[in-house]
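Listing of data.txt, compact mmCIF, C-alpha atoms
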```
# COMPACT_ATOMS: atom_id res chain seq x y z
CA MET G 1 91.26 59.83 107.40
CA ALA G 2 91.38 63.63 107.72
CA VAL G 3 94.61 65.40 106.86
CA VAL G 4 95.76 67.74 109.61
CA ARG G 5 97.53 70.73 108.12
CA ASP G 6 100.21 72.63 109.95
CA LYS G 7 99.30 76.16 111.02
CA LEU G 8 100.59 78.65 108.47
CA THR G 9 103.57 80.62 109.75
CA VAL G 10 104.07 84.35 109.25
CA THR G 11 107.27 83.68 107.27
CA THR G 12 105.55 81.29 104.86
CA ALA G 13 102.57 83.63 104.44
CA ASN G 14 104.89 86.52 103.55
CA GLU G 15 106.79 84.38 101.05
CA ARG G 16 103.55 83.41 99.31
CA VAL G 17 102.31 86.98 99.15
CA ASP G 18 105.68 88.18 97.82
CA GLU G 19 105.26 85.69 94.96
CA LEU G 20 101.97 87.35 94.08
CA VAL G 21 103.43 90.86 94.32
CA ARG G 22 106.37 90.00 92.03
CA LYS G 23 104.03 88.68 89.35
CA LEU G 24 101.87 91.82 89.46
CA GLN G 25 104.94 94.05 89.17
CA ALA G 26 106.43 92.00 86.35
CA SER G 27 103.44 91.37 84.09
CA PHE G 28 100.28 93.33 84.93
CA HIS G 29 101.26 96.44 82.96
CA THR G 30 102.22 94.44 79.87
CA GLU G 31 99.03 92.40 79.85
CA CYS G 32 96.48 94.88 81.20
CA ARG G 33 97.96 98.29 80.29
CA ILE G 34 97.92 99.57 83.86
CA ARG G 35 101.23 100.50 85.44
CA VAL G 36 102.10 99.10 88.84
CA ASP G 37 104.03 101.91 90.51
CA GLU G 38 103.94 100.42 94.00
CA VAL G 39 102.36 97.46 95.79
CA VAL G 40 101.99 97.73 99.57
CA LYS G 41 101.19 94.95 102.00
CA GLY G 42 98.78 96.35 104.55
CA GLY G 43 96.82 94.62 107.27
CA SER G 44 98.50 92.53 109.92
CA LEU G 45 101.11 91.02 107.58
CA GLY G 46 102.26 94.42 106.39
CA HIS G 47 102.21 95.97 109.87
CA GLY G 48 104.30 93.17 111.36
CA THR G 49 101.55 92.25 113.84
CA ALA G 50 100.14 89.05 112.33
CA VAL G 51 98.92 86.30 114.63
CA PRO G 52 100.00 82.87 113.28
CA GLY G 53 97.17 81.09 111.51
CA ASP G 54 95.00 84.24 111.26
CA PHE G 55 96.13 86.63 108.55
CA ASP G 56 94.31 89.66 107.24
CA LEU G 57 96.01 91.18 104.23
CA ASP G 58 95.17 94.34 102.33
CA LEU G 59 97.26 94.43 99.17
CA VAL G 60 97.14 97.94 97.71
CA LEU G 61 98.18 98.46 94.10
CA TYR G 62 99.15 102.08 93.46
CA SER G 63 99.17 103.27 89.85
CA ARG G 64 99.63 106.61 88.12
CA ASP G 65 97.27 105.25 85.45
CA ILE G 66 94.39 105.37 87.95
CA ASP G 67 92.89 108.86 87.83
CA PRO G 68 91.30 109.94 91.14
CA GLU G 69 88.64 111.93 89.30
CA VAL G 70 87.67 108.82 87.34
CA VAL G 71 87.50 106.84 90.59
CA LEU G 72 85.11 109.48 91.96
CA ASP G 73 82.99 109.25 88.83
CA ILE G 74 82.80 105.53 87.98
CA GLY G 75 84.88 103.67 90.58
CA VAL G 76 87.40 100.90 89.89
CA ASP G 77 85.15 98.07 88.73
CA SER G 78 86.87 97.59 85.36
CA ILE G 79 90.29 97.42 87.05
CA LEU G 80 89.03 94.78 89.48
CA ASP G 81 87.82 92.70 86.53
CA LYS G 82 91.28 92.91 84.93
CA LEU G 83 92.93 91.87 88.19
CA ASP G 84 90.57 88.91 88.51
CA ARG G 85 91.37 87.65 84.99
CA PHE G 86 95.10 88.19 85.52
CA LEU G 87 95.18 86.17 88.75
CA ARG G 88 93.03 83.38 87.29
CA ASP G 89 95.50 83.07 84.40
CA HIS G 90 98.71 83.15 86.44
CA PHE G 91 97.77 81.35 89.66
CA LYS G 92 95.57 78.43 88.63
CA GLY G 93 94.82 76.30 91.68
CA LEU G 94 96.24 78.91 94.07
CA TYR G 95 93.79 81.76 93.43
CA GLN G 96 90.24 81.24 94.71
CA PHE G 97 87.86 84.11 93.96
CA THR G 98 85.62 85.06 96.90
CA ARG G 99 83.78 88.20 95.86
CA LYS G 100 84.14 91.64 94.35
CA THR G 101 83.12 94.74 96.29
CA SER G 102 82.91 98.32 95.06
CA PHE G 103 86.59 98.87 95.87
CA SER G 104 88.33 95.51 96.25
CA LEU G 105 88.86 92.03 94.87
CA GLN G 106 88.64 89.48 97.67
CA PHE G 107 90.13 86.01 97.35
CA LYS G 108 91.93 83.17 99.05
CA PHE G 109 95.54 82.55 98.10
CA HIS G 110 97.18 79.13 98.68
CA ASP G 111 93.97 78.12 100.53
CA ASP G 112 94.85 79.89 103.77
CA ILE G 113 95.52 83.59 103.14
CA ASP G 114 92.50 85.90 102.80
CA VAL G 115 93.42 88.85 100.57
CA ASP G 116 91.73 92.15 99.80
CA LEU G 117 93.37 93.54 96.63
CA LEU G 118 92.62 97.24 96.29
CA PRO G 119 93.65 99.51 93.39
CA SER G 120 94.46 103.12 94.25
CA PRO G 121 95.68 106.24 92.49
CA TYR G 122 99.34 106.93 93.18
CA TRP G 123 100.00 109.65 95.73
CA GLU G 124 103.49 111.08 96.06
CA LYS G 125 102.91 112.59 99.52
CA PRO G 126 100.20 112.18 102.18
CA ASP G 127 99.29 115.85 101.81
CA ASP G 128 98.41 115.30 98.13
CA LEU G 129 95.80 112.76 99.23
CA HIS G 130 94.50 114.91 102.09
CA ARG G 131 94.06 118.02 99.95
CA PHE G 132 92.14 115.95 97.41
CA LEU G 133 89.83 114.55 100.12
CA GLU G 134 89.25 117.87 101.88
CA GLY G 135 85.76 119.14 101.11
CA LYS G 136 84.58 115.81 99.68
CA SER G 137 81.56 113.98 101.09
CA GLN G 138 82.13 111.01 103.39
CA ARG G 139 80.78 108.75 100.65
CA ASP G 140 83.43 110.00 98.23
CA ARG G 141 86.18 109.83 100.85
CA ASN G 142 85.37 106.17 101.43
CA LYS G 143 86.35 105.44 97.82
CA PHE G 144 89.95 106.24 98.78
CA SER G 145 90.11 104.51 102.16
CA CYS G 146 92.94 102.25 100.94
CA SER G 147 95.06 105.12 99.65
CA ALA G 148 96.71 105.84 103.02
CA ALA G 149 97.92 102.24 103.41
CA LYS G 150 101.61 102.85 102.70
CA TRP G 151 101.92 105.43 105.47
CA GLN G 152 99.88 103.32 107.89
CA VAL G 153 102.32 100.47 107.27
CA LYS G 154 105.32 102.71 107.92
CA PHE G 155 103.79 103.97 111.19
CA PHE G 156 103.34 100.45 112.60
CA LYS G 157 106.67 99.17 111.30
CA ASP G 158 108.37 102.04 113.13
CA GLN G 159 106.86 101.02 116.49
CA PRO G 160 109.11 99.20 119.00
CA ASN G 161 109.06 95.41 118.76
CA GLU G 162 107.59 95.27 122.25
CA VAL G 163 104.56 97.26 121.08
CA LYS G 164 104.08 95.00 118.07
CA GLU G 165 104.15 91.96 120.35
CA TYR G 166 101.48 93.50 122.58
CA ILE G 167 99.36 94.24 119.49
CA LYS G 168 99.59 90.56 118.50
CA ARG G 169 98.44 89.56 121.98
CA PHE G 170 95.56 92.04 121.78
CA LYS G 171 94.47 90.53 118.45
CA ALA G 172 94.75 86.97 119.75
CA TRP G 173 92.50 87.94 122.68
CA ARG G 174 90.03 89.50 120.23
CA ASN G 175 89.96 86.28 118.20
CA ARG G 176 89.09 84.29 121.34
CA CYS G 177 86.30 86.68 122.36
CA TRP G 178 84.88 87.13 118.84
CA PRO G 179 85.75 83.86 117.04
CA LYS G 180 85.34 83.76 113.29
CA GLY G 181 82.63 81.38 112.13
CA GLN G 182 80.18 82.69 114.72
CA ASP G 183 77.98 85.77 114.78
CA ASN G 184 80.06 88.59 116.24
CA ILE G 185 78.49 91.91 117.13
CA GLY G 186 80.81 94.85 117.76
CA ARG G 187 84.00 93.01 116.77
CA PRO G 188 86.96 95.42 117.01
CA LYS G 189 89.01 95.56 113.83
CA SER G 190 92.76 94.98 113.85
CA PHE G 191 93.57 98.57 112.91
CA LEU G 192 91.64 99.93 115.91
CA LEU G 193 93.33 97.48 118.29
CA GLY G 194 96.73 98.52 116.98
CA LEU G 195 96.06 102.22 117.51
CA LEU G 196 94.66 101.66 121.01
CA MET G 197 97.71 99.62 121.99
CA VAL G 198 100.17 102.21 120.67
CA GLU G 199 98.38 104.94 122.63
CA ALA G 200 98.19 102.85 125.82
CA TYR G 201 101.89 101.97 125.59
CA ARG G 202 102.87 105.61 125.13
CA ASN G 203 100.70 106.72 128.05
CA SER G 204 101.93 104.04 130.44
CA SER G 205 104.51 105.37 132.88
CA ASP G 206 106.76 102.31 133.16
CA LYS G 207 105.74 100.19 130.11
CA ARG G 208 104.89 97.23 132.36
CA PRO G 209 102.06 94.95 131.17
CA GLU G 210 99.94 95.79 134.22
CA THR G 211 100.25 99.51 133.53
CA ILE G 212 99.41 99.08 129.86
CA GLN G 213 96.39 96.98 130.81
CA ARG G 214 95.10 99.67 133.20
CA GLU G 215 95.54 102.35 130.54
CA LEU G 216 93.65 100.30 127.94
CA ILE G 217 90.80 99.66 130.37
CA ARG G 218 90.66 103.35 131.27
CA MET G 219 90.49 104.45 127.62
CA ILE G 220 87.93 101.86 126.54
CA LYS G 221 85.59 102.30 129.50
CA ASN G 222 85.65 106.06 128.95
CA HIS G 223 85.49 105.80 125.17
CA GLN G 224 82.74 108.41 124.82
CA ASN G 225 85.36 111.05 125.70
CA ILE G 226 88.29 109.62 123.78
CA GLN G 227 90.39 112.03 121.70
CA ILE G 228 93.41 110.55 119.93
CA LYS G 229 95.40 112.17 117.15
CA TRP G 230 99.01 111.65 116.20
CA ASN G 231 101.77 114.23 116.32
CA ASP G 232 104.00 111.67 114.56
CA GLY G 233 101.31 110.73 112.06
CA TYR G 234 101.32 111.51 108.38
CA TYR G 235 98.97 114.45 108.22
CA ASP G 236 99.06 118.15 108.98
CA GLY G 237 97.69 118.74 112.49
CA THR G 238 95.39 121.47 111.18
CA TYR G 239 93.00 118.81 109.83
CA CYS G 240 91.73 118.09 113.35
CA LEU G 241 91.45 121.08 115.67
CA THR G 242 89.71 121.80 118.92
CA ASN G 243 88.17 125.24 119.16
CA GLN G 244 91.10 126.43 121.30
CA GLU G 245 93.66 125.10 118.79
CA PHE G 246 91.73 126.83 116.00
CA GLN G 247 91.75 130.15 117.86
CA ASP G 248 95.48 129.76 118.58
CA LEU G 249 96.24 129.38 114.86
CA ILE G 250 94.34 132.58 114.13
CA TYR G 251 96.19 134.36 116.95
CA ASN G 252 99.65 133.24 115.78
CA GLY G 253 98.98 134.11 112.13
CA ARG G 254 98.73 130.66 110.56
CA PHE G 255 95.07 131.37 109.69
CA THR G 256 93.35 134.56 108.67
CA LEU G 257 89.63 134.47 109.46
CA LEU G 258 87.57 135.35 106.38
CA HIS G 259 84.02 134.56 107.43
CA SER G 260 82.13 132.93 110.31
CA ASN G 261 78.90 131.00 109.76
CA PRO G 262 76.93 131.15 113.03
CA ASP G 263 74.13 128.94 111.69
CA ASP G 264 76.33 125.84 111.56
CA GLY G 265 79.35 126.91 113.64
CA THR G 266 81.79 126.75 110.71
CA ASP G 267 84.44 129.22 109.60
CA ASP G 268 86.22 130.09 106.37
CA VAL G 269 89.90 130.95 106.76
CA TYR G 270 92.92 131.63 104.61
CA ASP G 271 95.81 129.27 105.42
CA ASN G 272 98.94 131.44 105.20
CA VAL G 273 101.22 128.36 105.05
CA GLN G 274 99.35 126.31 102.46
CA LYS G 275 98.31 129.48 100.60
CA ARG G 276 94.67 128.53 100.14
CA THR G 277 91.20 129.08 101.54
CA ARG G 278 89.91 126.37 103.90
CA HIS G 279 86.58 125.60 105.54
CA TYR G 280 86.47 124.53 109.19
CA GLY G 281 83.81 122.98 111.38
CA PRO G 282 83.96 121.98 115.04
CA VAL G 283 85.72 118.66 115.61
CA GLN G 284 83.29 115.84 116.31
CA LEU G 285 83.88 113.89 119.54
CA PRO G 286 84.80 111.18 120.27
CA TYR G 287 87.57 110.47 117.77
CA ILE G 288 90.55 108.23 117.10
CA LYS G 289 92.22 109.62 114.02
CA ASP G 290 93.77 107.33 111.44
CA VAL G 291 97.55 107.91 111.53
CA ALA G 292 97.61 108.68 107.80
CA ASN G 293 94.11 109.87 106.92
CA PRO G 294 92.63 112.64 109.10
CA PHE G 295 89.22 112.06 107.50
CA ASN G 296 88.95 108.50 108.84
CA ASN G 297 87.62 108.41 112.39
CA VAL G 298 88.65 104.91 113.52
CA TYR G 299 86.43 105.29 116.59
CA GLN G 300 83.51 104.72 114.19
CA SER G 301 85.08 102.64 111.41
CA GLY G 302 87.09 100.36 113.73
CA ILE G 303 84.14 98.52 115.34
CA GLY G 304 81.98 96.31 113.16
CA ASN G 305 79.74 93.27 112.93
CA TYR G 306 80.63 89.86 111.54
CA PHE G 307 78.05 87.16 110.84
CA SER G 308 78.66 83.45 110.38
CA ASN G 309 76.68 83.33 107.12
CA ASP G 310 78.73 86.15 105.55
CA PRO G 311 80.94 85.08 102.65
CA GLU G 312 84.61 84.93 103.62
CA GLY G 313 86.17 88.35 103.32
CA THR G 314 82.88 90.25 103.60
CA TYR G 315 83.46 93.89 104.48
CA ARG G 316 80.94 95.58 106.73
CA PRO G 317 81.25 99.27 107.57
CA GLY G 318 82.00 100.30 111.13
CA THR G 319 79.14 100.62 113.58
CA GLY G 320 80.95 102.56 116.30
CA LYS G 321 79.14 100.46 118.94
CA TRP G 322 81.66 99.76 121.71
CA THR G 323 79.33 97.92 124.15
CA ASN G 324 80.88 94.46 123.86
CA LEU G 325 84.45 95.75 123.87
CA VAL G 326 83.70 97.65 127.08
CA GLN G 327 82.10 94.55 128.57
CA TRP G 328 85.02 92.20 127.81
CA ILE G 329 88.15 94.36 128.06
CA ASP G 330 88.71 93.33 131.70
CA THR G 331 89.52 89.82 130.47
CA PHE G 332 92.50 90.95 128.35
CA ASP G 333 95.86 90.13 129.92
CA PRO G 334 98.85 91.49 127.95
CA LYS G 335 101.15 89.02 129.73
CA ILE G 336 99.62 86.05 127.88
CA PRO G 337 101.80 85.29 124.84
CA VAL G 338 100.49 84.36 121.40
CA GLU G 339 100.41 80.64 120.70
CA ASN G 340 102.61 79.68 117.73
```
Please express the file's structure as structure tokens.
Amino acid sequence: MAVVRDKLTVTTANERVDELVRKLQASFHTECRIRVDEVVKGGSLGHGTAVPGDFDLDLVLYSRDIDPEVVLDIGVDSILDKLDRFLRDHFKGLYQFTRKTSFSLQFKFHDDIDVDLLPSPYWEKPDDLHRFLEGKSQRDRNKFSCSAAKWQVKFFKDQPNEVKEYIKRFKAWRNRCWPKGQDNIGRPKSFLLGLLMVEAYRNSSDKRPETIQRELIRMIKNHQNIQIKWNDGYYDGTYCLTNQEFQDLIYNGRFTLLHSNPDDGTDDVYDNVQKRTRHYGPVQLPYIKDVANPFNNVYQSGIGNYFSNDPEGTYRPGTGKWTNLVQWIDTFDPKIPVEN
């Protein structure tokens, strides 16, 4: 006779993950000689937008012993191996290895929580990370995609409870339209859905579900023209400028133009606030900026493919193909609550 297990609750999932975090903080440095300066729960559990029974968790381990220049050069493979051995030793029967990617250790915890454990250099301020990434190739920037997690978490935690409830409903709808275990082309990722919902809520005049729904449909069906950046995000607004905004900063003295490059439409300027030379190119449309990493365009990275024969926890890069989301968004009703 089959055993029917109760659906895992958000409270229980958080308690189990906290157990894992406490062990890393208490013993990883002693056993593996890598300090644990901070551990941040990202993903739906960390953002406070988890749908019961369907948890995605990014667990980011920040350490001052992880040198960003070394990460650029050789990656974090040796650290992932140490984390794997540590978890096998301390959580026998609870830790189930899934796979190792270039940047993360993926595993199941307590059978029902899928975890991506990602080591990152420690960054004191968002601007420290952004200055490091500025001028790097997209390939190199991708090596630090987890580094903005702690500010992403703060952004979502600071949203009104009503917004977080609507995000949960948006995710539950996504799970019905693109069920796991089946081939799913153009499946919107949780982070993208969260950003779209925050923007739709802010733009709705009366915050009623019907108004939010209309705003979401408007944005998604006109996605080729979408431009979203965050005045309350965790990056300097000068990392994403329209041509008019760029000219305004020259006019008001923030920038001093040093050289224009007509062949590629870029400019070199001196930033009189940050006291350094910077290189600017025209902003690429469309865009949905990450709230904590101006070099992550979630318009592209937030839509991906999922295939039924993929190993659990497989990460596929964003495709930026919105066709299915456009086709199905009319079926989303923000009035439908999440089933517990």
List the neighbours of range 125-141 of chain G out to 10 Å using all atoms listed in the file; skip same-chain residues closer than 6 positions along the sequence, and give me the result as a compact mmCIF listing (two decimals) with C-alpha atoms, in the coordinates of the input.
```txt
# COMPACT_ATOMS: atom_id res chain seq x y z
CA PRO G 68 91.30 109.94 91.14
CA GLU G 69 88.64 111.93 89.30
CA VAL G 71 87.50 106.84 90.59
CA LEU G 72 85.11 109.48 91.96
CA ASP G 73 82.99 109.25 88.83
CA SER G 147 95.06 105.12 99.65
CA ALA G 148 96.71 105.84 103.02
CA LYS G 150 101.61 102.85 102.70
CA TRP G 151 101.92 105.43 105.47
CA TYR G 234 101.32 111.51 108.38
CA TYR G 235 98.97 114.45 108.22
CA ASP G 236 99.06 118.15 108.98
CA TYR G 239 93.00 118.81 109.83
CA ARG G 278 89.91 126.37 103.90
CA HIS G 279 86.58 125.60 105.54
CA TYR G 280 86.47 124.53 109.19
CA ALA G 292 97.61 108.68 107.80
CA ASN G 293 94.11 109.87 106.92
CA PRO G 294 92.63 112.64 109.10
CA PHE G 295 89.22 112.06 107.50
CA ASN G 296 88.95 108.50 108.84
```
Query raised in the report: What lies within 9 Å of Gln25 in chain G using only C-alpha atoms, ignoring chain neighbours under 2 positions off, as JSON, numbers by chain?
Result: {"G": [20, 21, 22, 23, 27, 28, 29, 35, 36, 37, 38, 39]}
**Report entry** Separation of CA of Phe246 in chain G from CA of Asn272 in chain G in Å
**Finding:**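 Separation of CA of Asn272 in chain G and CA of Phe246 in chain G: 13.8 Å.
Near range 218-230 of chain G, within a cut-off of 7 Å and counting only C-alpha atoms, sit the residues Leu285, Pro286, Tyr287, Ile288, Lys289, Val291 and Val326 of chain G, with same-chain residues fewer than 6 positions away left out.
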Would you mind listing what lies within 10 Å of Gly281 in chain G as a PDB file with C-alpha atoms, in the coordinates of the input, with only C-alpha atoms counted and same-chain residues fewer than 4 positions away left out?
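And here is the file that came out, part.pdb:
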```pdb
ATOM      1  CA  CYS G 240      91.730 118.090 113.350  1.00  0.00           C
ATOM      2  CA  LEU G 241      91.450 121.080 115.670  1.00  0.00           C
ATOM      3  CA  THR G 242      89.710 121.800 118.920  1.00  0.00           C
ATOM      4  CA  ASN G 243      88.170 125.240 119.160  1.00  0.00           C
ATOM      5  CA  PHE G 246      91.730 126.830 116.000  1.00  0.00           C
ATOM      6  CA  ASN G 261      78.900 131.000 109.760  1.00  0.00           C
ATOM      7  CA  ASP G 264      76.330 125.840 111.560  1.00  0.00           C
ATOM      8  CA  GLY G 265      79.350 126.910 113.640  1.00  0.00           C
ATOM      9  CA  THR G 266      81.790 126.750 110.710  1.00  0.00           C
ATOM     10  CA  ASP G 267      84.440 129.220 109.600  1.00  0.00           C
ATOM     11  CA  ASP G 268      86.220 130.090 106.370  1.00  0.00           C
TER      12      ASP G 268
END
```
So which residues fall inside 12 Å of (89.0, 99.3, 85.4) if we count only C-alpha atoms? Mind giving them as an mmCIF file with C-alpha atoms, in the frame of the given file?
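Result went into part_11.cif, see below:
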```cif
data_model
loop_
_atom_site.group_PDB
_atom_site.id
_atom_site.type_symbol
_atom_site.label_atom_id
_atom_site.label_comp_id
_atom_site.auth_asym_id
_atom_site.auth_seq_id
_atom_site.Cartn_x
_atom_site.Cartn_y
_atom_site.Cartn_z
ATOM 1 C CA CYS G 32 96.480 94.880 81.200
ATOM 2 C CA ARG G 33 97.960 98.290 80.290
ATOM 3 C CA ILE G 34 97.920 99.570 83.860
ATOM 4 C CA SER G 63 99.170 103.270 89.850
ATOM 5 C CA ASP G 65 97.270 105.250 85.450
ATOM 6 C CA ILE G 66 94.390 105.370 87.950
ATOM 7 C CA ASP G 67 92.890 108.860 87.830
ATOM 8 C CA VAL G 70 87.670 108.820 87.340
ATOM 9 C CA VAL G 71 87.500 106.840 90.590
ATOM 10 C CA ILE G 74 82.800 105.530 87.980
ATOM 11 C CA GLY G 75 84.880 103.670 90.580
ATOM 12 C CA VAL G 76 87.400 100.900 89.890
ATOM 13 C CA ASP G 77 85.150 98.070 88.730
ATOM 14 C CA SER G 78 86.870 97.590 85.360
ATOM 15 C CA ILE G 79 90.290 97.420 87.050
ATOM 16 C CA LEU G 80 89.030 94.780 89.480
ATOM 17 C CA ASP G 81 87.820 92.700 86.530
ATOM 18 C CA LYS G 82 91.280 92.910 84.930
ATOM 19 C CA LEU G 83 92.930 91.870 88.190
ATOM 20 C CA ASP G 84 90.570 88.910 88.510
ATOM 21 C CA ARG G 85 91.370 87.650 84.990
ATOM 22 C CA SER G 102 82.910 98.320 95.060
ATOM 23 C CA PHE G 103 86.590 98.870 95.870
ATOM 24 C CA SER G 104 88.330 95.510 96.250
ATOM 25 C CA LEU G 105 88.860 92.030 94.870
ATOM 26 C CA LEU G 118 92.620 97.240 96.290
ATOM 27 C CA PRO G 119 93.650 99.510 93.390
ATOM 28 C CA SER G 120 94.460 103.120 94.250
ATOM 29 C CA PRO G 121 95.680 106.240 92.490
#
```
Query raised in the report: Counting all atoms listed in the file, what is within 12 Å of Pro52 in chain G, bar same-chain residues fewer than 4 positions away, as a VMD selection string?
Result: chain G and resid 6 to 14 44 to 45 48 56 112 to 113 168 to 169 171 to 172 175 337 to 340
Requested in this report: Just give me the gap between CA of Gln274 in chain G and CA of Asn142 in chain G in Å, one decimal is fine.
Outcome: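 A separation of 24.5 Å between them.
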Query - Option closest in space to Val163 in chain G, from G:Leu193, G:Ile185, G:Ala149, G:Cys177 [counting all atoms listed in the file] - result: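 Checking each candidate against Val163 in chain G, we get G:Leu193 as the closest.
Comparing the minimum interatomic distances between Leu59 in chain G and each of G:Val298, G:Leu195, G:Leu24, G:Leu257, counting all atoms listed in the file, we find that G:Leu24 sits nearest.
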Query raised in the report: Do you have the CA of Thr256 in chain G-CA of Val283 in chain G distance handy?
Result: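 It comes out at 19.0 Å.
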Report task. Have a look at G:Ala200, G:Thr101, G:Lys321, G:Pro209 and name the one nearest to Lys143 in chain G; count all atoms listed in the file. Result ->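 Using all atoms listed in the file, the shortest distance to Lys143 in chain G belongs to G:Thr101.
Between His47 in chain G and the residues G:Asp116, G:Glu15, G:Glu165, G:Asp263, the shortest atom-to-atom distance, using all atoms listed in the file, involves G:Glu165.
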Query raised in the report: Quick one: of G:Ala26, G:Met197, G:Leu94, G:Val153, who's nearest to Leu57 in chain G, counting all atoms listed in the file?
Result: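 Smallest separation from Leu57 in chain G among the options: G:Val153.
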Requested in this report: For each of G:Gln106, G:Gln244, G:Thr238, G:Asn305, take the minimum atom-to-atom distance to Lys180 in chain G, counting all atoms listed in the file, then give the residue where this is smallest.
Outcome: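 When distances to Lys180 in chain G are compared using all atoms listed in the file, the smallest one comes from G:Asn305.
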